[in-house]
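Raw contents of structure.txt, compact mmCIF, C-alpha atoms:
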```txt
# COMPACT_ATOMS: atom_id res chain seq x y z
CA MET A 1 -44.25 -230.47 68.24
CA THR A 2 -40.51 -231.07 68.46
CA VAL A 3 -38.97 -234.51 68.84
CA TYR A 4 -38.08 -233.80 72.47
CA ASP A 5 -41.58 -232.46 73.22
CA GLU A 6 -43.05 -235.65 71.82
CA LEU A 7 -40.85 -237.77 74.09
CA VAL A 8 -42.16 -235.78 77.05
CA ALA A 9 -45.77 -236.04 75.85
CA ARG A 10 -45.43 -239.80 75.52
CA GLY A 11 -44.25 -240.02 79.14
CA LEU A 12 -40.72 -241.14 78.32
CA ILE A 13 -38.60 -238.53 80.08
CA ALA A 14 -38.11 -238.46 83.85
CA GLN A 15 -34.83 -236.65 84.57
CA VAL A 16 -32.24 -234.92 82.44
CA THR A 17 -29.03 -232.95 82.77
CA ASP A 18 -28.47 -229.94 80.50
CA GLU A 19 -31.99 -229.90 79.10
CA ASP A 20 -31.45 -227.04 76.65
CA GLU A 21 -28.44 -228.76 75.08
CA ILE A 22 -30.31 -232.07 74.94
CA LYS A 23 -33.23 -230.45 73.12
CA GLU A 24 -30.84 -228.86 70.62
CA LEU A 25 -29.14 -232.17 69.81
CA ILE A 26 -32.24 -234.37 69.64
CA ASN A 27 -34.44 -231.93 67.74
CA ASN A 28 -31.78 -231.36 65.09
CA GLY A 29 -30.68 -234.97 64.69
CA LYS A 30 -27.24 -234.30 66.20
CA ALA A 31 -27.35 -236.75 69.10
CA THR A 32 -25.12 -239.82 69.11
CA PHE A 33 -26.61 -241.73 72.03
CA TYR A 34 -26.25 -245.13 73.60
CA ILE A 35 -28.37 -247.55 75.58
CA GLY A 36 -26.81 -250.58 77.24
CA PHE A 37 -28.08 -254.15 77.21
CA ASP A 38 -26.52 -256.75 79.51
CA PRO A 39 -26.60 -260.19 77.82
CA THR A 40 -28.10 -262.16 80.72
CA ALA A 41 -30.21 -264.38 78.40
CA ASP A 42 -30.23 -265.52 74.77
CA SER A 43 -33.19 -263.31 73.89
CA LEU A 44 -34.38 -259.80 74.56
CA HIS A 45 -37.73 -259.58 76.37
CA VAL A 46 -40.51 -257.00 76.63
CA GLY A 47 -38.63 -255.33 79.46
CA HIS A 48 -36.23 -254.09 76.76
CA PHE A 49 -39.08 -252.94 74.57
CA MET A 50 -39.18 -249.31 75.66
CA ALA A 51 -35.47 -248.85 75.02
CA LEU A 52 -35.69 -250.44 71.57
CA CYS A 53 -38.70 -248.34 70.59
CA LEU A 54 -36.98 -245.18 71.82
CA MET A 55 -33.89 -245.96 69.75
CA LYS A 56 -36.05 -246.49 66.68
CA ARG A 57 -37.98 -243.27 67.35
CA LEU A 58 -34.83 -241.15 67.71
CA GLN A 59 -33.16 -242.74 64.69
CA MET A 60 -36.21 -241.84 62.60
CA ALA A 61 -35.55 -238.22 63.64
CA GLY A 62 -31.98 -238.38 62.30
CA ASN A 63 -30.10 -239.21 65.49
CA ARG A 64 -27.49 -241.98 65.67
CA PRO A 65 -28.06 -244.86 68.13
CA ILE A 66 -25.35 -247.01 69.66
CA ALA A 67 -26.54 -250.34 71.02
CA LEU A 68 -23.99 -251.24 73.68
CA ILE A 69 -23.88 -254.95 74.45
CA GLY A 70 -22.48 -255.57 77.91
CA GLY A 71 -20.09 -258.41 77.18
CA GLY A 72 -17.72 -256.94 79.76
CA THR A 73 -20.14 -255.70 82.41
CA GLY A 74 -21.99 -258.99 82.01
CA MET A 75 -18.96 -260.61 83.61
CA ILE A 76 -19.83 -258.67 86.79
CA GLY A 77 -23.61 -258.27 86.84
CA ASP A 78 -25.71 -255.19 87.58
CA PRO A 79 -26.81 -255.04 91.25
CA SER A 80 -29.69 -252.64 90.45
CA GLY A 81 -33.01 -253.97 91.70
CA ARG A 82 -31.38 -257.14 93.01
CA THR A 83 -31.58 -258.68 96.47
CA ASP A 84 -28.93 -261.28 95.62
CA MET A 85 -25.91 -261.54 93.35
CA ARG A 86 -26.46 -262.50 89.72
CA GLN A 87 -25.30 -265.90 88.54
CA MET A 88 -21.85 -265.75 86.96
CA MET A 89 -21.79 -266.53 83.23
CA THR A 90 -18.97 -268.00 81.19
CA PRO A 91 -17.45 -265.97 78.32
CA GLU A 92 -18.98 -268.48 75.87
CA MET A 93 -22.49 -267.95 77.28
CA ILE A 94 -22.08 -264.18 77.12
CA GLN A 95 -20.89 -264.26 73.49
CA HIS A 96 -23.79 -266.49 72.45
CA ASN A 97 -26.28 -264.11 74.07
CA CYS A 98 -24.62 -261.10 72.41
CA ASP A 99 -24.99 -262.75 69.00
CA CYS A 100 -28.71 -263.37 69.64
CA PHE A 101 -29.26 -259.75 70.71
CA LYS A 102 -27.65 -258.44 67.54
CA GLU A 103 -30.01 -260.40 65.32
CA GLN A 104 -33.12 -259.28 67.22
CA MET A 105 -32.15 -255.60 67.40
CA GLY A 106 -31.92 -255.48 63.61
CA LYS A 107 -35.74 -255.54 63.53
CA PHE A 108 -35.88 -252.19 65.29
CA ILE A 109 -32.73 -250.34 64.30
CA ASP A 110 -31.19 -249.70 60.88
CA PHE A 111 -27.48 -250.55 61.18
CA SER A 112 -26.73 -249.99 57.48
CA GLU A 113 -24.27 -247.37 56.24
CA GLY A 114 -23.21 -246.33 59.74
CA LYS A 115 -26.71 -245.12 60.68
CA ALA A 116 -26.34 -246.99 63.97
CA LEU A 117 -23.61 -248.90 65.75
CA MET A 118 -23.54 -252.06 67.80
CA VAL A 119 -20.53 -252.35 70.07
CA ASN A 120 -19.46 -254.65 72.88
CA ASN A 121 -17.90 -253.14 76.00
CA ALA A 122 -15.74 -256.26 76.35
CA ASP A 123 -13.62 -254.64 73.62
CA TRP A 124 -12.25 -252.11 76.11
CA LEU A 125 -13.16 -253.37 79.59
CA MET A 126 -11.44 -256.75 79.22
CA ASP A 127 -8.10 -255.10 78.39
CA LEU A 128 -8.06 -252.59 81.25
CA ASN A 129 -5.13 -252.73 83.64
CA TYR A 130 -6.27 -252.79 87.27
CA ILE A 131 -3.64 -250.38 88.51
CA GLU A 132 -4.39 -248.06 85.59
CA VAL A 133 -8.09 -248.02 86.49
CA LEU A 134 -7.28 -247.23 90.12
CA ARG A 135 -5.03 -244.33 89.13
CA GLU A 136 -6.99 -242.91 86.18
CA VAL A 137 -10.59 -243.53 87.22
CA GLY A 138 -10.59 -244.18 90.96
CA PRO A 139 -9.83 -240.58 92.07
CA HIS A 140 -13.02 -239.35 90.36
CA PHE A 141 -15.38 -241.50 92.47
CA SER A 142 -16.34 -240.89 96.10
CA VAL A 143 -17.04 -244.12 98.00
CA ASN A 144 -19.35 -242.27 100.40
CA ARG A 145 -21.37 -240.93 97.50
CA MET A 146 -21.47 -244.29 95.71
CA LEU A 147 -22.94 -245.97 98.79
CA THR A 148 -25.92 -243.59 98.70
CA ALA A 149 -26.87 -244.72 95.18
CA GLU A 150 -30.23 -246.48 94.82
CA CYS A 151 -28.63 -249.29 92.83
CA TYR A 152 -26.65 -250.34 95.92
CA LYS A 153 -29.16 -249.76 98.72
CA GLN A 154 -31.12 -253.00 98.28
CA ARG A 155 -27.92 -255.03 98.28
CA MET A 156 -26.46 -253.45 101.41
CA GLU A 157 -28.69 -255.42 103.79
CA LYS A 158 -27.60 -258.84 102.53
CA GLY A 159 -24.10 -257.77 101.63
CA LEU A 160 -22.75 -255.96 98.59
CA SER A 161 -19.77 -257.75 97.09
CA PHE A 162 -16.72 -255.83 95.89
CA LEU A 163 -17.39 -257.38 92.48
CA GLU A 164 -20.78 -255.66 92.25
CA PHE A 165 -19.44 -252.46 93.78
CA ASN A 166 -17.33 -252.00 90.67
CA TYR A 167 -20.35 -252.07 88.33
CA MET A 168 -20.95 -248.31 88.56
CA ILE A 169 -17.32 -247.62 87.69
CA MET A 170 -17.44 -249.97 84.71
CA GLN A 171 -20.69 -248.46 83.39
CA SER A 172 -19.29 -244.96 83.83
CA TYR A 173 -16.18 -245.98 81.94
CA ASP A 174 -18.41 -247.21 79.09
CA PHE A 175 -19.70 -243.68 78.48
CA TYR A 176 -16.16 -242.31 78.69
CA ALA A 177 -14.94 -244.86 76.12
CA LEU A 178 -17.89 -244.29 73.79
CA PHE A 179 -17.41 -240.51 74.01
CA GLN A 180 -13.79 -240.84 72.94
CA LYS A 181 -14.21 -243.57 70.32
CA TYR A 182 -17.47 -242.58 68.64
CA GLY A 183 -18.33 -239.04 69.76
CA CYS A 184 -21.21 -240.37 71.86
CA ASN A 185 -22.66 -237.30 73.57
CA MET A 186 -25.77 -238.72 75.25
CA GLN A 187 -26.85 -241.77 77.23
CA PHE A 188 -30.31 -243.12 77.98
CA GLY A 189 -31.33 -245.56 80.67
CA GLY A 190 -33.95 -246.50 83.20
CA ASP A 191 -34.64 -244.41 86.28
CA ASP A 192 -32.95 -247.14 88.33
CA GLN A 193 -29.72 -246.36 86.44
CA TRP A 194 -29.57 -242.66 87.26
CA SER A 195 -26.59 -242.84 89.65
CA ASN A 196 -24.58 -245.00 87.24
CA MET A 197 -25.33 -242.64 84.38
CA LEU A 198 -24.38 -239.52 86.31
CA GLY A 199 -21.09 -241.22 87.13
CA GLY A 200 -20.31 -241.48 83.42
CA THR A 201 -21.16 -237.86 82.72
CA GLU A 202 -19.05 -236.65 85.62
CA LEU A 203 -16.12 -238.89 84.67
CA ILE A 204 -15.99 -237.40 81.17
CA ARG A 205 -16.15 -233.84 82.40
CA ARG A 206 -13.56 -234.33 85.13
CA LYS A 207 -11.05 -236.12 82.93
CA LEU A 208 -11.54 -234.13 79.74
CA GLY A 209 -12.41 -230.72 81.13
CA LYS A 210 -15.45 -228.46 81.19
CA ASP A 211 -15.67 -228.42 77.40
CA ALA A 212 -16.50 -232.12 77.32
CA TYR A 213 -20.05 -232.45 76.05
CA ALA A 214 -21.92 -235.34 77.65
CA MET A 215 -25.44 -235.60 78.99
CA THR A 216 -27.83 -238.10 80.50
CA ILE A 217 -31.53 -238.80 80.17
CA THR A 218 -33.58 -241.40 81.99
CA LEU A 219 -36.78 -243.04 80.84
CA LEU A 220 -39.76 -242.55 83.13
CA LEU A 221 -40.98 -246.12 83.31
CA ASN A 222 -38.05 -248.17 82.09
CA SER A 223 -37.68 -249.89 85.47
CA GLU A 224 -41.40 -250.68 85.28
CA GLY A 225 -40.77 -251.86 81.74
CA LYS A 226 -38.46 -254.51 83.13
CA LYS A 227 -41.31 -255.72 85.32
CA MET A 228 -43.56 -255.81 82.27
CA GLY A 229 -41.32 -258.52 80.91
CA LYS A 230 -42.28 -260.94 83.66
CA THR A 231 -45.40 -263.06 84.02
CA GLN A 232 -46.32 -265.87 86.35
CA SER A 233 -44.88 -268.40 83.92
CA GLY A 234 -41.66 -266.49 83.22
CA ALA A 235 -40.43 -263.84 80.81
CA VAL A 236 -42.18 -262.72 77.63
CA TRP A 237 -39.45 -263.00 75.03
CA LEU A 238 -39.03 -261.38 71.63
CA ASP A 239 -37.70 -264.67 70.23
CA PRO A 240 -40.68 -266.50 68.64
CA ASN A 241 -39.15 -269.84 69.63
CA LYS A 242 -39.41 -268.84 73.30
CA THR A 243 -42.67 -266.86 73.19
CA SER A 244 -44.94 -267.51 70.20
CA PRO A 245 -46.42 -264.55 68.30
CA PHE A 246 -49.84 -265.60 69.64
CA ASP A 247 -48.65 -265.57 73.27
CA PHE A 248 -46.85 -262.27 72.65
CA TYR A 249 -50.07 -260.78 71.27
CA GLN A 250 -52.07 -262.18 74.19
CA TYR A 251 -49.66 -260.69 76.71
CA TRP A 252 -50.35 -257.16 75.44
CA ARG A 253 -54.04 -257.92 74.85
CA ASN A 254 -54.34 -258.72 78.56
CA VAL A 255 -52.69 -255.63 80.06
CA ALA A 256 -54.62 -253.89 82.83
CA ASP A 257 -57.19 -251.27 81.85
CA ALA A 258 -55.22 -248.63 83.75
CA ASP A 259 -52.04 -249.35 81.75
CA VAL A 260 -53.23 -249.73 78.19
CA LEU A 261 -53.16 -246.07 77.10
CA ASN A 262 -49.76 -245.48 78.74
CA CYS A 263 -48.40 -248.47 76.85
CA ILE A 264 -49.83 -247.21 73.57
CA ARG A 265 -48.24 -243.80 74.12
CA MET A 266 -44.82 -245.10 75.09
CA LEU A 267 -44.44 -248.14 72.86
CA THR A 268 -46.37 -247.63 69.63
CA PHE A 269 -45.74 -245.23 66.76
CA LEU A 270 -49.36 -244.14 66.43
CA PRO A 271 -49.83 -240.34 66.25
CA LEU A 272 -50.41 -238.68 69.61
CA GLU A 273 -53.57 -237.03 68.29
CA GLU A 274 -55.05 -240.46 67.60
CA ILE A 275 -54.04 -241.73 71.05
CA ASP A 276 -55.44 -238.65 72.80
CA GLU A 277 -58.84 -239.43 71.34
CA MET A 278 -58.76 -242.72 73.26
CA ASP A 279 -58.49 -240.96 76.63
CA SER A 280 -62.26 -240.96 77.02
CA TRP A 281 -62.68 -244.61 76.09
CA GLU A 282 -64.31 -246.86 78.69
CA GLY A 283 -65.60 -250.41 79.04
CA ALA A 284 -65.65 -252.30 75.75
CA GLN A 285 -63.72 -249.49 74.07
CA LEU A 286 -60.73 -250.29 76.30
CA ASN A 287 -60.76 -253.81 74.88
CA LYS A 288 -60.48 -252.24 71.43
CA ALA A 289 -57.52 -250.19 72.69
CA LYS A 290 -55.89 -253.39 73.95
CA GLU A 291 -56.32 -254.99 70.53
CA ILE A 292 -54.68 -251.96 68.94
CA LEU A 293 -51.76 -252.17 71.37
CA ALA A 294 -51.31 -255.92 70.90
CA TYR A 295 -51.51 -255.73 67.12
CA GLU A 296 -49.09 -252.80 66.77
CA LEU A 297 -46.42 -254.35 69.01
CA THR A 298 -46.75 -257.84 67.54
CA LYS A 299 -46.39 -256.31 64.06
CA LEU A 300 -43.27 -254.47 65.18
CA VAL A 301 -41.60 -257.62 66.55
CA HIS A 302 -42.96 -260.43 64.37
CA GLY A 303 -44.23 -258.73 61.21
CA GLU A 304 -47.65 -257.79 59.89
CA GLN A 305 -48.59 -261.31 58.78
CA GLU A 306 -47.96 -262.88 62.20
CA ALA A 307 -49.74 -260.00 63.91
CA ALA A 308 -52.82 -260.52 61.75
CA LYS A 309 -52.79 -264.28 62.42
CA ALA A 310 -52.46 -263.72 66.17
CA GLN A 311 -55.30 -261.21 66.17
CA ASP A 312 -57.60 -263.49 64.18
CA ALA A 313 -56.78 -266.43 66.45
CA ALA A 314 -57.40 -264.40 69.60
CA ARG A 315 -60.76 -263.16 68.33
CA ALA A 316 -61.80 -266.67 67.35
CA LEU A 317 -60.67 -267.97 70.72
CA PHE A 318 -62.76 -265.52 72.70
CA SER A 319 -65.80 -265.95 70.48
CA SER A 320 -65.88 -269.74 70.21
CA GLY A 321 -63.35 -271.09 72.70
CA ASN A 322 -61.23 -272.53 69.90
CA ALA A 323 -58.72 -271.26 67.36
CA ALA A 324 -56.60 -272.89 64.72
CA ASP A 325 -53.59 -270.70 65.39
CA MET A 326 -53.51 -270.83 69.19
CA PRO A 327 -50.28 -272.24 70.71
CA SER A 328 -50.23 -276.01 70.44
CA VAL A 329 -48.33 -278.85 72.11
CA SER A 330 -47.94 -282.33 70.66
CA LEU A 331 -47.88 -285.35 72.97
CA ALA A 332 -45.40 -288.16 72.38
CA GLU A 333 -45.78 -291.85 73.16
CA GLU A 334 -43.66 -291.54 76.31
CA ASP A 335 -46.06 -288.92 77.72
CA PHE A 336 -48.66 -291.64 78.26
CA THR A 337 -48.67 -294.17 81.09
CA ASP A 338 -50.78 -297.29 80.47
CA GLY A 339 -52.40 -295.49 77.56
CA SER A 340 -53.44 -292.31 79.39
CA ILE A 341 -52.09 -289.01 80.74
CA ASP A 342 -53.33 -287.32 83.92
CA ILE A 343 -54.46 -283.71 84.09
CA LEU A 344 -51.52 -282.57 86.22
CA SER A 345 -48.99 -283.97 83.74
CA LEU A 346 -50.98 -282.42 80.92
CA LEU A 347 -50.86 -278.95 82.48
CA VAL A 348 -47.10 -279.18 82.99
CA LYS A 349 -46.45 -280.64 79.52
CA SER A 350 -48.52 -277.86 77.92
CA GLY A 351 -46.54 -275.16 79.73
CA LEU A 352 -49.64 -273.74 81.41
CA THR A 353 -48.10 -274.50 84.81
CA PRO A 354 -44.41 -274.88 85.67
CA SER A 355 -44.90 -277.73 88.17
CA ARG A 356 -47.32 -280.44 89.29
CA SER A 357 -47.90 -278.64 92.58
CA GLU A 358 -49.07 -275.51 90.75
CA ALA A 359 -51.14 -277.69 88.43
CA ARG A 360 -52.83 -279.30 91.45
CA ARG A 361 -53.56 -275.89 92.92
CA ALA A 362 -55.09 -274.65 89.64
CA VAL A 363 -57.43 -277.67 89.45
CA GLU A 364 -58.43 -277.44 93.10
CA GLN A 365 -59.24 -273.75 92.67
CA GLY A 366 -61.52 -274.50 89.73
CA GLY A 367 -59.40 -272.71 87.16
CA VAL A 368 -58.87 -275.55 84.65
CA SER A 369 -61.08 -276.80 81.83
CA ALA A 370 -60.64 -279.30 79.01
CA ASP A 371 -62.68 -278.74 75.85
CA GLY A 372 -64.96 -276.39 77.77
CA GLU A 373 -65.60 -278.72 80.71
CA LYS A 374 -64.28 -277.73 84.12
CA VAL A 375 -61.83 -280.23 85.60
CA THR A 376 -62.34 -280.73 89.35
CA ASP A 377 -60.59 -284.07 89.92
CA ILE A 378 -56.80 -283.91 90.23
CA LYS A 379 -56.69 -287.59 89.21
CA ALA A 380 -58.57 -287.03 85.94
CA ALA A 381 -56.85 -288.81 83.04
CA TYR A 382 -57.30 -288.87 79.28
CA SER A 383 -56.62 -291.57 76.70
CA ALA A 384 -54.77 -290.92 73.46
CA GLU A 385 -58.06 -290.91 71.55
CA ALA A 386 -59.17 -287.77 73.44
CA PHE A 387 -56.59 -285.77 71.50
CA ALA A 388 -57.44 -287.08 68.02
CA ASN A 389 -58.96 -283.74 66.97
CA GLY A 390 -57.00 -281.66 69.44
CA MET A 391 -58.05 -280.77 72.97
CA VAL A 392 -58.33 -277.13 74.09
CA LEU A 393 -56.85 -276.92 77.59
CA LYS A 394 -57.57 -273.74 79.52
CA LYS A 395 -56.11 -272.35 82.77
CA GLY A 396 -57.69 -269.24 84.19
CA LYS A 397 -59.58 -266.92 81.88
CA LYS A 398 -56.93 -266.16 79.29
CA ASN A 399 -54.38 -268.99 79.04
CA PHE A 400 -55.06 -271.64 76.38
CA ARG A 401 -53.22 -274.50 74.69
CA LYS A 402 -54.30 -276.88 71.96
CA ILE A 403 -53.09 -280.37 72.83
CA LEU A 404 -52.42 -282.63 69.85
CA ARG A 405 -51.54 -286.31 69.54
```
Rewrite the coordinates I just gave you, this time as structure tokens.
Amino acid sequence: MTVYDELVARGLIAQVTDEDEIKELINNGKATFYIGFDPTADSLHVGHFMALCLMKRLQMAGNRPIALIGGGTGMIGDPSGRTDMRQMMTPEMIQHNCDCFKEQMGKFIDFSEGKALMVNNADWLMDLNYIEVLREVGPHFSVNRMLTAECYKQRMEKGLSFLEFNYMIMQSYDFYALFQKYGCNMQFGGDDQWSNMLGGTELIRRKLGKDAYAMTITLLLNSEGKKMGKTQSGAVWLDPNKTSPFDFYQYWRNVADADVLNCIRMLTFLPLEEIDEMDSWEGAQLNKAKEILAYELTKLVHGEQEAAKAQDAARALFSSGNAADMPSVSLAEEDFTDGSIDILSLLVKSGLTPSRSEARRAVEQGGVSADGEKVTDIKAAYSAEAFANGMVLKKGKKNFRKILR
């Protein structure tokens, strides 16, 4: 099986231009490709996971990845999938987030000896002259055609700002700049980025002639991958200080039965033959598949030792309701009022609920227990002595915290 055939078999390819040329480049390790990451936070999350795994997979086959950090486009904000305009960030915030991304990407991609590049589009976008852009780039874009793009449709109802309207042009210019500077001949992105990506390919060919060699590929479920990065309590981050290895493991351990095999195919590096054998798995066997998925991805992000600890803790948790390595929260003196802390404050302090109102709702719905006993009274309170040996606080079936004093 060729490299390209494996990408298709794993469900990673949705649309392509110039498929024969793409196969030739990828299969022979001749592709210099880029994927963009807008620095909207100080950590990557699991929504970026598919892109990172794809870059690693293609680099292993001899191709050269370019991780493009959107320090320039981050000043505008991508309207794709948005119903409102993104919050504007300061240059200092953007630079900090770029620095954090670079450190995390090093776990997936080998940047040594020019095997991969990390570049920031602020290096060329911030120096562009407005009149020059209008003259050199503007003639190659049809406003009528741009307005039909999926990335703009959702914003049209509430109002698409001129700021956001320029995002497609800026992203297209990225590919043009990378093609000229680094010989980048391929771009990857989510299916929600298709219009933006085509704009880049067309810009190169129109400005540099028919001989210009540039292609696009989209990832089948990358837009769904972004959704995978969100839970009821917020994003699942790759930074262990924001999402612990245990919580990261638990996130993948708790994926829906219908999604587990797709996730294993797309995100792990297990052989396809081994994954295909899991197609007939049902019932308890799917739980085994979820353990495999959670372990493999936690190992990839946090290392084998942390993955083993998270797996052992999760197994102990489900078998006995307790685990030494489950996420823990320590209470301070100021958390107690008159020597006790109420259950609603405890749920918020532990991070199991984001607010007292959601904590109240969880208790009233019977979804909270403390050391195995269901809590039904929203006024229940606990003295400091109750946490001497640690209290296991549980919300729902799968969310646990060990509360320490």
Within 10 Å of (-31.4, -261.3, 70.8), in the coordinates the file gives, what residues turn up when you count all atoms listed in the file, written out as a list in words?
->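 The requested residues, written out, are Pro39, Ala41, Asp42, Ser43, Leu44, His45, His96, Asn97, Cys98, Asp99, Cys100, Phe101, Lys102, Glu103, Gln104, Met105, Gly106, Trp237, Leu238 and Asp239 of chain A.
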For the atom pair atom CA of A:Val3 and atom CA of A:Ile26, what is the interatomic distance in Å to one decimal place?
-> 6.8 Å
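In this structure, atom CA of A:Ala386 sits 12.3 Å away from atom CA of A:Ile343.
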Would you kindly return, as an MDAnalysis selection string, each protein, DNA or RNA residue with an atom no farther than 8 Å from any atom of A:Pro245, considering all atoms listed in the file and excluding same-chain residues fewer than 2 positions away?
-> chainID A and resid 240 243 247:249 298 302 306:307 310
Let's have the selection written as a compact mmCIF listing (two decimals), in the frame of the given file, with C-alpha atoms.
```txt
# COMPACT_ATOMS: atom_id res chain seq x y z
CA PRO A 240 -40.68 -266.50 68.64
CA THR A 243 -42.67 -266.86 73.19
CA ASP A 247 -48.65 -265.57 73.27
CA PHE A 248 -46.85 -262.27 72.65
CA TYR A 249 -50.07 -260.78 71.27
CA THR A 298 -46.75 -257.84 67.54
CA HIS A 302 -42.96 -260.43 64.37
CA GLU A 306 -47.96 -262.88 62.20
CA ALA A 307 -49.74 -260.00 63.91
CA ALA A 310 -52.46 -263.72 66.17
```
Smallest atom-to-atom distance to A:Gly114: which of A:Thr17, A:Gln193, A:Thr32, A:Asn27, using all atoms listed in the file?
-> A:Thr32
Separation of atom CA of A:Lys107 and atom CA of A:Lys398, in Å?
->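 Atom CA of A:Lys398 lies at a distance of 28.5 Å from atom CA of A:Lys107.
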Once you count only C-alpha atoms, which residues end up no further than 10 Å from (-21.1, -259.9, 76.7) in the file's frame, shown as number ranges by chain?
-> A: 37-40, 68-75, 89-99, 120-123
Of the candidates A:Thr2, A:Trp252, A:Ala314, A:Glu282, which shows the shortest atom-to-atom distance to A:Glu296, using all atoms listed in the file?
->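 Nearest to A:Glu296: A:Trp252.
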Could you check which of A:Cys263, A:Gln250, A:Thr376, A:Ala384 is closest to A:Thr337, using only C-alpha atoms?
->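 Closest candidate: A:Ala384.
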Residue nearest A:Ala9 - candidates A:Lys288, A:Arg265, A:Arg405, A:Lys394, atoms counted: only C-alpha atoms |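 Nearest to A:Ala9: A:Arg265.
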Could you tell me which of A:Met186, A:Val8, A:Val46, A:Val301 comes closest to A:Ala212 if we count all atoms listed in the file?
-> A:Met186
